[in-house]
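Below you'll find the structure, written out as C-alpha cells, and then a few comments.
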Amino acid sequence: MSRNVCARVRWCAQSAVVAAVMGGAGVPVLAQSAFHTYGASYRAISMPANGSGSFRVAGGVLPDGRIIVVTGTTIYGETGVRSGQFSPVANLDPAFVGGGTDPAFLRVSPGGTIAVGAGFNRPVVVFGQGALGAPGAPSAINSSNAAAFNVGNFDGAWADGTHLALTAGAFGSASYVTLLDTTSSPSSPLNPRIVSNIGGASAGVAFDHTGRLYTGNGFDGTPGGSDTGWIKAFDAAVWMNPGVPADFENGGMHIATLLSGSALGFDSEGNMFAGGGVFGGDAGFGALVSATAVGESLASGNPIDPNDPTQLRRLDPRGDPGAMYDMVFNPVTGELYLGFTNFSDGSNTWYATVPAPGAGVVMMGGVILARRRRRHG
C-alpha cells in the first residue's frame, strides 16, 4: 500500500478518535462509560420489510445521523434524525447489480460515500450520497452515477474515504480480507488481499481509532485452527504490508471469542461490539466489550474473559434466546442499534439504546469538533 493511503488511514483514525476524547472547546464528557449504561432502555424502530429476494435489511448511518438501509432493490432513508420513519430514496437498477439483492452490508464513509454489498454472486456498488433522491422521489442507481465491482463481499468497513475492507471466501476454503480501491476501474479493480488464511467462513471487519484491523472466523471449518467467533486484531503496520497479507491463523492478536464474529464495530468510546450467532449455539444477545478490556487484551496478548461482566456485556432487547442481531453505531446520536429480522413474516426491527440521557448532545459535540478539525487541521 502506498504511503498516501497509509497517511489517509491514519488521518481518518485521528479524526474518528476526537469524538471519543471530547475534550476542550466546552464539549462535556460522559459522566459514566457507555459500556455500563447501554441497555438501560431501548427504542424500537420499525424498519422496512424485506424486499423481494432479500432476507434482511442492511443499514448504516449518513453523516448527518439519519439511518439508511437497503433491501431488495430499494434504498430507504430515514426522513429525519431519530424520526423512525423511512421513505424510498433510491432504486438499484436490477440490470446493474445482476438482479435483486440479499444485501450483505451497507456502509457509509465519513465523507458520505455509500457502499452496498449486494450479496452472494452480486457486486459491491459504490456511489456518493448525492446520487440519492429525495424522500418519496427515489433516484435510479446505475452506471451513470455508481460503480459496480465484481468482488467477493460478506462484510465491509471503510479504511478511509476511498478504500473499503471486504471479507470474503468460497465455501470449503479459507476466508480472507481484501482492500478495494473504490477509485479503481470496475472492469479491473484494485482489490489485494490484506488478511488471508481465515480457517472458516467470513465474519465481520472493523477498524479502531489507530487503524488496527479486526476480523473473525464466522464458522469454524478447519480442524485444529481458530474456532467460530474468534476475533483477531492486526496492527496497521501488519495489514498494510504491500503484497504480504497478514496470516489470520498464525498471526494477529486473539481479542475475543464472540458469537459468529459478525457485525463488528466500535462506538465513540472505543467499546467493541459484535453480533450474529450460531444456530443451536451461542445466540440471543449482542456482545459489547469494554474499551478497557480491548486495550488490556492488546497489551497482554490474552483474549478477554467472556464471564467477566466488567469486560463483556450481553445486550438483549428481546429476551429471545435464539435471536441474532446485526449491530450499527450512530456517532451523531450516540445510539447503538441492534437489528433483528423476523424470518417468519419478513419484518425488521432495530432497537436503539443510548449511553445516558442527553448523550446524543454529547456525541453531536464530538462529531462537530471532529469535522472542524478535518476542515481546518
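Scheme for the C-alpha cells: letters A, B, ... for chains in order shown; per-chain residue numbers from 1; ligand numbers from 1 in order shown.
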| said: If you run DSSP on the backbone here, which positions in range 162-250 of chain A get alpha helix (DSSP H)? Please write them as a list in words. | reply: Ala236, Ala237, Val238 and Trp239 of chain A
Based on the selection just made, write N, CA and C atoms of those residues as a JSON list (two decimals), in the first residue's frame.
[["chain", "number", "residue", "atom", "x", "y", "z"],
["A", 236, "ALA", "N", -1.82, -1.83, 12.07],
["A", 236, "ALA", "CA", -1.81, -1.23, 10.74],
["A", 236, "ALA", "C", -0.54, -1.58, 9.98],
["A", 237, "ALA", "N", 0.59, -1.61, 10.67],
["A", 237, "ALA", "CA", 1.86, -1.91, 10.01],
["A", 237, "ALA", "C", 1.88, -3.32, 9.43],
["A", 238, "VAL", "N", 1.04, -4.20, 9.99],
["A", 238, "VAL", "CA", 0.98, -5.59, 9.52],
["A", 238, "VAL", "C", 0.08, -5.71, 8.30],
["A", 239, "TRP", "N", -1.17, -5.22, 8.42],
["A", 239, "TRP", "CA", -2.08, -5.41, 7.29],
["A", 239, "TRP", "C", -1.79, -4.48, 6.13]]
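Comparing the minimum interatomic distances between Ile114 in chain A and each of A:Tyr176, A:Phe149, A:Phe96, A:Trp158, counting only C-alpha atoms, we find that A:Trp158 sits nearest.
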| query | Using only C-alpha atoms, which residues sit within 10 Å of Ala118 in chain A once same-chain residues fewer than 5 positions away are excluded, as a ChimeraX atom specification? | reply | /A:54,58,70-73,92,97-106,123-125,148,150,152-154
| Which neighbours of Ala323 in chain A fall inside 9 Å, counting only C-alpha atoms, when residues of the same chain fewer than 5 positions from it are skipped, and could you give them as a ChimeraX atom specification? | /A:276-277,283-285,316,318,340-341
| query | Within 10 Å of Val289 in chain A, counting only C-alpha atoms, which residues qualify if same-chain residues fewer than 3 places away don't, as a list in words? | reply |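 The residues that qualify are Phe35, Ile255, Ala256, Leu258, Phe266, Gly270, Asn271, Met272, Phe273, Ala274, Thr292, Ala293, Val294, Ile304, Asp305, Pro306, Pro309, Thr310, Gln311, Leu312, Arg313 and Arg314 of chain A.
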| message | Show me, as a ChimeraX atom specification, the residues that have an atom within 7 Å of Gly161 in chain A when counting only C-alpha atoms, minus same-chain residues fewer than 2 positions from it. | response | /A:109-111,158,163
Output for the residues just chosen: C-alpha atoms as a PDB file, in the first residue's frame:
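What landed in selection.pdb:
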ATOM      1  CA  SER A 109     -17.747   6.617   4.710  1.00  0.00           C
ATOM      2  CA  PRO A 110     -17.196   9.726   6.866  1.00  0.00           C
ATOM      3  CA  GLY A 111     -17.425  11.784   3.668  1.00  0.00           C
ATOM      4  CA  TRP A 158     -14.168   1.901   5.241  1.00  0.00           C
ATOM      5  CA  HIS A 163     -10.558   2.182   0.417  1.00  0.00           C
TER       6      HIS A 163
END
| message | Just want the 9 Å neighbourhood of Ala170 in chain A, counted on only C-alpha atoms, with same-chain residues fewer than 4 positions away dropped. Output as a PyMOL selection string. | response | chain A and resi 152+174-175+201-202
| message | For the structure I just gave you, how does DSSP split range 170-361 of chain A - specifically, which residues are strand (DSSP E)? Reply as a ChimeraX atom specification. | response | /A:175-181,193-198,205-207,213-216,230-234,246-247,253-257,262-266,272-275,286-289,312-315,326-329,336-342,347-353
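Considering the residues A:Ala95, A:Asn197, A:His254, A:Asp208 and counting only C-alpha atoms, Ser300 in chain A has its shortest atom-to-atom contact with A:His254.
Across the model, the gap from CA of Pro245 in chain A to CA of Thr257 in chain A is 22.4 Å.
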| task | Go ahead and compute the interatomic distance for CA of Gly53 in chain A and CA of Phe120 in chain A, in Å to one decimal. | result |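 According to the coordinates, CA of Gly53 in chain A and CA of Phe120 in chain A are separated by 11.8 Å.
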| task | Using only C-alpha atoms, pick whichever of A:Ser268, A:Thr210, A:Thr182, A:Asn191 has the shortest atom-to-atom distance to Pro331 in chain A. | result |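 Between A:Ser268, A:Thr210, A:Thr182, A:Asn191, the residue approaching Pro331 in chain A most closely is A:Ser268.
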